[in-house]
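*Asks:* If it helps, the file is called start30.cif and holds mmCIF, C-alpha atoms and all ligand atoms:
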```
data_protein
loop_
_atom_site.label_atom_id
_atom_site.label_comp_id
_atom_site.auth_asym_id
_atom_site.auth_seq_id
_atom_site.Cartn_x
_atom_site.Cartn_y
_atom_site.Cartn_z
CA MET R 745 -26.82 -33.76 -6.96
CA PRO R 746 -30.04 -31.95 -7.88
CA THR R 747 -29.62 -28.17 -7.95
CA ILE R 748 -32.02 -25.24 -8.17
CA ILE R 749 -31.27 -21.55 -8.52
CA LEU R 750 -33.23 -19.47 -6.02
CA LYS R 751 -33.44 -16.07 -7.62
CA ASP R 752 -34.60 -14.17 -4.56
CA ILE R 753 -35.60 -14.55 -0.92
CA THR R 754 -39.20 -15.50 -1.83
CA GLU R 755 -37.93 -18.48 -3.84
CA THR R 756 -35.83 -19.66 -0.91
CA GLN R 757 -38.87 -19.41 1.34
CA LYS R 758 -40.97 -21.22 -1.24
CA PHE R 759 -38.48 -24.10 -1.35
CA GLY R 760 -38.69 -24.34 2.44
CA CYS R 761 -42.47 -24.08 2.35
CA LEU R 762 -42.70 -27.10 0.03
CA LEU R 763 -40.60 -29.06 2.51
CA GLY R 764 -42.83 -27.96 5.38
CA LYS R 765 -45.95 -29.06 3.54
CA THR R 766 -44.66 -32.47 2.59
CA LEU R 767 -42.01 -33.80 4.96
CA PRO R 768 -43.12 -36.64 7.22
CA PRO R 769 -42.63 -36.57 11.01
CA ASP R 770 -39.16 -37.65 12.05
CA SER R 771 -37.46 -35.72 9.27
CA THR R 772 -34.07 -34.17 9.87
CA ILE R 773 -32.54 -31.48 7.68
CA LEU R 774 -28.88 -30.57 7.99
CA LEU R 775 -28.17 -27.21 6.37
CA SER R 776 -24.80 -25.94 5.31
CA GLY R 777 -23.76 -22.70 3.69
CA GLU R 778 -21.77 -19.64 4.71
CA LEU R 779 -22.97 -16.83 6.95
CA GLY R 780 -25.93 -15.18 5.26
CA ALA R 781 -26.39 -17.91 2.67
CA GLY R 782 -30.07 -18.21 3.62
CA LYS R 783 -30.33 -21.15 6.03
CA THR R 784 -32.61 -19.36 8.49
CA THR R 785 -34.63 -17.90 5.62
CA LEU R 786 -35.27 -21.39 4.25
CA ILE R 787 -36.31 -22.62 7.70
CA GLN R 788 -38.78 -19.73 7.92
CA GLY R 789 -40.31 -21.19 4.75
CA ILE R 790 -40.49 -24.63 6.38
CA ALA R 791 -42.39 -23.06 9.28
CA LYS R 792 -44.81 -21.44 6.87
CA GLY R 793 -45.39 -24.79 5.13
CA LEU R 794 -46.05 -26.36 8.53
CA ASN R 795 -48.60 -23.63 9.22
CA ILE R 796 -46.63 -22.29 12.17
CA LYS R 797 -47.90 -18.82 13.05
CA GLU R 798 -45.18 -17.86 15.51
CA ALA R 799 -42.33 -15.86 13.93
CA VAL R 800 -39.21 -17.95 13.34
CA VAL R 801 -36.11 -16.11 14.49
CA SER R 802 -32.52 -17.21 14.40
CA PRO R 803 -31.67 -19.23 17.56
CA THR R 804 -28.06 -18.06 17.54
CA PHE R 805 -28.15 -17.22 21.25
CA THR R 806 -30.82 -19.64 22.43
CA LEU R 807 -29.30 -22.51 20.36
CA ILE R 808 -32.64 -24.30 20.04
CA ASN R 809 -36.11 -22.94 19.26
CA GLU R 810 -39.16 -25.18 19.38
CA TYR R 811 -42.32 -24.29 17.46
CA LEU R 812 -45.24 -26.45 18.44
CA ASP R 813 -48.27 -24.81 16.85
CA GLY R 814 -48.07 -26.23 13.31
CA ARG R 815 -48.83 -29.48 11.43
CA LEU R 816 -45.73 -30.98 13.11
CA PRO R 817 -43.34 -29.61 15.71
CA LEU R 818 -40.36 -27.76 14.27
CA TYR R 819 -37.07 -27.93 16.17
CA HIS R 820 -34.59 -25.35 14.93
CA LEU R 821 -31.00 -25.68 16.13
CA ASP R 822 -28.21 -23.22 15.34
CA LEU R 823 -24.84 -24.61 16.38
CA TYR R 824 -22.67 -21.76 15.10
CA ARG R 825 -21.30 -20.78 18.50
CA LEU R 826 -20.55 -24.30 19.66
CA SER R 827 -17.67 -26.72 19.42
CA PRO R 828 -18.31 -30.40 18.62
CA ASN R 829 -17.88 -31.21 22.34
CA GLN R 830 -20.50 -28.67 23.27
CA THR R 831 -22.97 -29.95 20.69
CA THR R 832 -22.62 -33.43 22.21
CA ALA R 833 -23.80 -31.98 25.52
CA LEU R 834 -26.91 -30.60 23.81
CA HIS R 835 -28.02 -34.14 22.89
CA PRO R 836 -29.29 -33.22 19.43
CA GLU R 837 -30.32 -36.87 18.89
CA MET R 838 -33.16 -36.25 21.32
CA TYR R 839 -34.77 -34.27 18.49
CA TRP R 840 -34.02 -36.49 15.52
CA GLU R 841 -34.86 -39.66 17.41
CA GLY R 842 -38.08 -38.09 18.66
CA ILE R 843 -37.86 -40.04 21.89
CA GLU R 844 -38.20 -37.42 24.59
CA VAL R 845 -39.94 -34.95 22.30
CA ALA R 846 -42.84 -35.39 19.86
CA PRO R 847 -41.53 -36.51 16.45
CA GLY R 848 -41.28 -33.52 14.16
CA ILE R 849 -39.01 -31.72 11.74
CA THR R 850 -35.51 -31.04 13.05
CA ALA R 851 -33.60 -28.39 11.10
CA ILE R 852 -29.96 -27.84 12.02
CA GLU R 853 -27.78 -24.90 10.95
CA TRP R 854 -23.98 -25.30 11.09
CA ARG R 855 -23.98 -29.09 10.89
CA GLN R 856 -20.17 -28.94 10.78
CA ARG R 857 -20.31 -28.51 14.56
CA LEU R 858 -22.03 -31.86 15.16
CA SER R 859 -19.84 -34.57 16.64
CA TYR R 860 -22.15 -37.27 15.26
CA GLU R 861 -24.89 -37.24 12.68
CA PRO R 862 -28.37 -38.69 12.35
CA PRO R 863 -28.70 -41.94 10.36
CA ASN R 864 -31.28 -40.43 8.00
CA TYR R 865 -31.38 -36.84 6.85
CA LEU R 866 -31.85 -34.39 4.07
CA ASP R 867 -28.57 -32.69 3.24
CA LEU R 868 -29.20 -29.12 1.99
CA LYS R 869 -26.40 -26.89 0.78
CA LEU R 870 -26.95 -23.20 0.09
CA SER R 871 -24.36 -21.13 -1.69
CA PHE R 872 -23.88 -17.66 -3.09
CA VAL R 873 -23.90 -17.05 -6.83
CA ALA R 874 -21.20 -14.75 -8.21
CA ASN R 875 -22.21 -11.17 -9.07
CA SER R 876 -25.62 -11.34 -7.44
CA THR R 877 -26.70 -10.32 -3.95
CA SER R 878 -30.15 -11.85 -4.26
CA THR R 879 -29.45 -15.21 -5.91
CA ARG R 880 -28.59 -18.43 -4.16
CA LYS R 881 -27.96 -21.96 -5.33
CA ILE R 882 -29.32 -24.95 -3.46
CA THR R 883 -28.24 -28.56 -3.85
CA TRP R 884 -29.54 -31.51 -1.91
CA GLN R 885 -29.36 -35.23 -1.35
CA THR R 886 -30.98 -37.67 1.02
CA ILE R 887 -28.74 -39.70 3.27
CA GLY R 888 -30.09 -43.00 4.59
CA LYS R 889 -33.81 -43.54 4.18
CA LYS R 890 -34.90 -42.29 0.76
CA LEU R 891 -37.20 -39.29 0.69
CA ASP R 892 -39.93 -39.96 -1.81
CA PHE R 893 -40.37 -36.44 -3.15
CA ASP R 894 -39.47 -34.76 -6.40
CA PHE R 895 -38.48 -31.24 -5.31
CA GLU R 896 -37.49 -30.07 -8.77
CA ASN R 897 -40.87 -30.77 -10.35
CA ASN R 898 -42.79 -29.61 -7.33
CA PHE R 899 -40.81 -26.41 -7.14
CA ALA R 900 -41.49 -25.65 -10.79
CA ARG R 901 -45.16 -26.49 -10.46
CA ASP R 902 -46.19 -24.98 -7.17
CA ASP R 903 -46.83 -21.26 -7.49
CA ARG R 904 -49.05 -20.83 -4.49
CA ALA R 905 -46.34 -20.87 -1.85
N1 LIG R 1001 -32.23 -15.82 -2.57
C1 LIG R 1001 -32.07 -15.55 -1.25
N2 LIG R 1001 -32.37 -16.50 -0.35
C2 LIG R 1001 -32.19 -16.26 0.98
N3 LIG R 1001 -31.74 -15.11 1.49
C3 LIG R 1001 -31.44 -14.13 0.63
C4 LIG R 1001 -31.59 -14.31 -0.76
N4 LIG R 1001 -31.21 -13.17 -1.35
C5 LIG R 1001 -30.83 -12.32 -0.39
N5 LIG R 1001 -30.97 -12.89 0.81
C6 LIG R 1001 -30.62 -12.25 2.08
O1 LIG R 1001 -29.57 -12.98 2.66
C7 LIG R 1001 -29.72 -13.05 4.07
C8 LIG R 1001 -29.84 -14.51 4.51
O2 LIG R 1001 -29.85 -14.52 5.90
P1 LIG R 1001 -30.10 -15.83 6.75
O3 LIG R 1001 -30.18 -15.37 8.16
O4 LIG R 1001 -31.22 -16.61 6.19
O5 LIG R 1001 -28.74 -16.61 6.49
P2 LIG R 1001 -28.10 -17.81 7.33
O6 LIG R 1001 -27.54 -18.75 6.32
O7 LIG R 1001 -29.09 -18.35 8.29
O8 LIG R 1001 -26.91 -17.08 8.09
P3 LIG R 1001 -26.20 -17.48 9.49
O9 LIG R 1001 -25.12 -18.46 9.14
O10 LIG R 1001 -25.65 -16.19 9.96
O11 LIG R 1001 -27.23 -18.07 10.40
C9 LIG R 1001 -30.98 -12.26 4.41
O12 LIG R 1001 -30.59 -10.96 4.75
C10 LIG R 1001 -31.74 -12.26 3.11
O13 LIG R 1001 -32.57 -11.14 2.96
MG MG R 1002 -29.08 -18.59 10.36
#
```
Output the file's structure as structure tokens, nothing else.
*Replies:*
Amino acid sequence: MPTIILKDITETQKFGCLLGKTLPPDSTILLSGELGAGKTTLIQGIAKGLNIKEAVVSPTFTLINEYLDGRLPLYHLDLYRLSPNQTTALHPEMYWEGIEVAPGITAIEWRQRLSYEPPNYLDLKLSFVANSTSTRKITWQTIGKKLDFDFENNFARDDRA
């Protein structure tokens, strides 16, 4: 799996920003990683890349936040507090199928709580790096429909984010 070291919070946001600039509508991102690994931080970068002006805050209590003022809608789900049965009742497929909502980017924290998964998604894993409070490691793979984007090269190249 491709891997990048994110040496500080700005690099994590930059990685997200590249996604926000380039992902097509109907993209789903399932994020995993422990508490504080940087999932919400990365999604804040996605919002920036989508040109969303509203501040992205963790939807831990609201479960779902919708941001509709950018290039594409961003649907941010945080399932931490839920059991798989409860996530079923939320109908998360409504977002990734884009049937009752405008097709956009669906980013889901705590994917372990899902009772079923989308057919196509970007699997992002954030993890801590030993002996550093500010470094994270990110690995990713696409499941289902191939994403035609070379993150590694784009990450190295793009310094404007
Ligand atoms: N390289 C980094 N990338 C992202 N966050 C970092 C990094 N270095 C330090 N941090 C800090 O780690 C914390 C990450 O918090 P964040 O809310 O993004 O995590 P999370 O994975 O969403 O956690 P939770 O599971 O509680 O939702 C922030 O306080 C941030 O400042
Ligand atoms: Mg979070």
*Asks:* So that I can check the surroundings of Gly780 in chain R, please list as an MDAnalysis selection string every protein, DNA and RNA residue that reaches within 12 Å of it, counting only C-alpha atoms and ignoring chain neighbours fewer than 6 positions away.
*Replies:* chainID R and resid 753 786 802 853:854 870:872 877:880
*Asks:* Identify which of the residues R:Lys765, R:Lys890, R:Arg855, R:Arg901 lies closest to ligand MG 1002 (chain R), counting all atoms listed in the file when measuring atom-to-atom distances.
*Replies:*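 Under the stated criterion, the closest residue is R:Arg855.
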*Asks:* Compute the set of protein, DNA and RNA residues whose minimum atom distance to ligand LIG 1001 (chain R) is at most 10 Å, using all atoms listed in the file, and state it as a compact mmCIF listing (two decimals) with C-alpha atoms, in the coordinates of the input.
*Replies:*
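Listing of selection.txt after writing:
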```txt
# COMPACT_ATOMS: atom_id res chain seq x y z
CA ILE R 749 -31.27 -21.55 -8.52
CA LEU R 750 -33.23 -19.47 -6.02
CA LYS R 751 -33.44 -16.07 -7.62
CA ASP R 752 -34.60 -14.17 -4.56
CA ILE R 753 -35.60 -14.55 -0.92
CA THR R 754 -39.20 -15.50 -1.83
CA GLU R 755 -37.93 -18.48 -3.84
CA THR R 756 -35.83 -19.66 -0.91
CA GLN R 757 -38.87 -19.41 1.34
CA LYS R 758 -40.97 -21.22 -1.24
CA PHE R 759 -38.48 -24.10 -1.35
CA LEU R 775 -28.17 -27.21 6.37
CA SER R 776 -24.80 -25.94 5.31
CA GLY R 777 -23.76 -22.70 3.69
CA GLU R 778 -21.77 -19.64 4.71
CA LEU R 779 -22.97 -16.83 6.95
CA GLY R 780 -25.93 -15.18 5.26
CA ALA R 781 -26.39 -17.91 2.67
CA GLY R 782 -30.07 -18.21 3.62
CA LYS R 783 -30.33 -21.15 6.03
CA THR R 784 -32.61 -19.36 8.49
CA THR R 785 -34.63 -17.90 5.62
CA LEU R 786 -35.27 -21.39 4.25
CA ILE R 787 -36.31 -22.62 7.70
CA GLN R 788 -38.78 -19.73 7.92
CA VAL R 801 -36.11 -16.11 14.49
CA SER R 802 -32.52 -17.21 14.40
CA PRO R 803 -31.67 -19.23 17.56
CA THR R 804 -28.06 -18.06 17.54
CA ASP R 822 -28.21 -23.22 15.34
CA LEU R 823 -24.84 -24.61 16.38
CA TYR R 824 -22.67 -21.76 15.10
CA GLU R 853 -27.78 -24.90 10.95
CA TRP R 854 -23.98 -25.30 11.09
CA LYS R 869 -26.40 -26.89 0.78
CA LEU R 870 -26.95 -23.20 0.09
CA SER R 871 -24.36 -21.13 -1.69
CA PHE R 872 -23.88 -17.66 -3.09
CA VAL R 873 -23.90 -17.05 -6.83
CA SER R 876 -25.62 -11.34 -7.44
CA THR R 877 -26.70 -10.32 -3.95
CA SER R 878 -30.15 -11.85 -4.26
CA THR R 879 -29.45 -15.21 -5.91
CA ARG R 880 -28.59 -18.43 -4.16
CA LYS R 881 -27.96 -21.96 -5.33
CA ILE R 882 -29.32 -24.95 -3.46
```
*Asks:* Find the distance between CA of Gly888 in chain R and CA of Asp813 in chain R and write it in Å to one decimal.
*Replies:*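 Distance reported for this atom pair: 28.5 Å.
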*Asks:* Between CA of Gly764 in chain R and CA of Val845 in chain R, what is the spacing in Å?
*Replies:* 18.5 Å
*Asks:* I'd like to know which of R:Leu866, R:Ala874, R:Ala791, R:Leu858 is closest to Glu837 in chain R, using only C-alpha atoms.
*Replies:*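 Looking only at the distances to Glu837 in chain R, the closest residue turns out to be R:Leu858.
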*Asks:* As an exercise, work out the distance from CA of Phe805 in chain R to CA of Asp770 in chain R in Å and give it to one decimal place.
*Replies:*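 Between CA of Phe805 in chain R and CA of Asp770 in chain R the gap works out to 25.0 Å.
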*Asks:* Ranking R:Tyr839, R:Pro862, R:Asp892, R:His820 by minimum distance to ligand MG 1002 (chain R) and counting all atoms listed in the file, which one comes first?
*Replies:*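 Using all atoms listed in the file, the shortest distance to ligand MG 1002 (chain R) belongs to R:His820.
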*Asks:* So which one's closest to ligand MG 1002 (chain R), R:Leu818, R:Ala851, R:Leu826, R:Ser859? Using only C-alpha atoms and all ligand atoms, please.
*Replies:* R:Ala851
*Asks:* Padding 4 Å on each side, edges along x, y and z: where is the centre of the box around the listed atoms of range 764-767 of chain R, and how long are its edges in Å to one decimal? Output it as AutoDock Vina command-line options.
*Replies:*
```
--center_x -44.0 --center_y -30.9 --center_z 4.0 --size_x 11.9 --size_y 13.8 --size_z 10.8
```
*Asks:* Need the shell around Phe893 in chain R: protein/DNA/RNA residues with any atom at most 10 Å away, counting only C-alpha atoms. Skip same-chain ones fewer than 3 positions apart. Format as a PyMOL selection string?
*Replies:* chain R and resi 763+766-767+890+896-898
*Asks:* Give the answer as one residue: which of R:Pro847, R:Val800, R:Gly814, R:Thr886 has the shortest atom-to-atom distance to ligand MG 1002 (chain R), using all atoms listed in the file?
*Replies:* R:Val800
*Asks:* Which residue out of R:Lys792, R:Arg825, R:His835, R:Lys889 has the minimum interatomic distance to ligand MG 1002 (chain R) when all atoms listed in the file are used?
*Replies:*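 Ranking R:Lys792, R:Arg825, R:His835, R:Lys889 by distance to ligand MG 1002 (chain R), first place goes to R:Arg825.
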*Asks:* Would you list the contacts of Asp867 in chain R as an mmCIF file with C-alpha atoms, in the frame of the given file, taking every protein, DNA or RNA residue within 6 Å and counting all atoms listed in the file, but skipping same-chain residues closer than 2 positions in sequence?
*Replies:*
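Produced file selection.cif, reproduced below:
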```cif
data_model
loop_
_atom_site.group_PDB
_atom_site.id
_atom_site.type_symbol
_atom_site.label_atom_id
_atom_site.label_comp_id
_atom_site.auth_asym_id
_atom_site.auth_seq_id
_atom_site.Cartn_x
_atom_site.Cartn_y
_atom_site.Cartn_z
ATOM 1 C CA LEU R 774 -28.880 -30.570 7.990
ATOM 2 C CA TRP R 884 -29.540 -31.510 -1.910
ATOM 3 C CA GLN R 885 -29.360 -35.230 -1.350
ATOM 4 C CA THR R 886 -30.980 -37.670 1.020
#
```
*Asks:* Using only C-alpha atoms, determine which residues lie at most 10 Å from Leu812 in chain R, disregarding the query and same-chain residues fewer than 5 positions distant; provide the list as a PDB file with C-alpha atoms, in the coordinates of the input.
*Replies:*
```pdb
ATOM      1  CA  LEU R 794     -46.050 -26.360   8.530  1.00  0.00           C
ATOM      2  CA  ILE R 796     -46.630 -22.290  12.170  1.00  0.00           C
ATOM      3  CA  LYS R 797     -47.900 -18.820  13.050  1.00  0.00           C
ATOM      4  CA  GLU R 798     -45.180 -17.860  15.510  1.00  0.00           C
ATOM      5  CA  PRO R 817     -43.340 -29.610  15.710  1.00  0.00           C
ATOM      6  CA  LEU R 818     -40.360 -27.760  14.270  1.00  0.00           C
ATOM      7  CA  TYR R 819     -37.070 -27.930  16.170  1.00  0.00           C
ATOM      8  CA  ALA R 846     -42.840 -35.390  19.860  1.00  0.00           C
ATOM      9  CA  GLY R 848     -41.280 -33.520  14.160  1.00  0.00           C
TER      10      GLY R 848
END
```
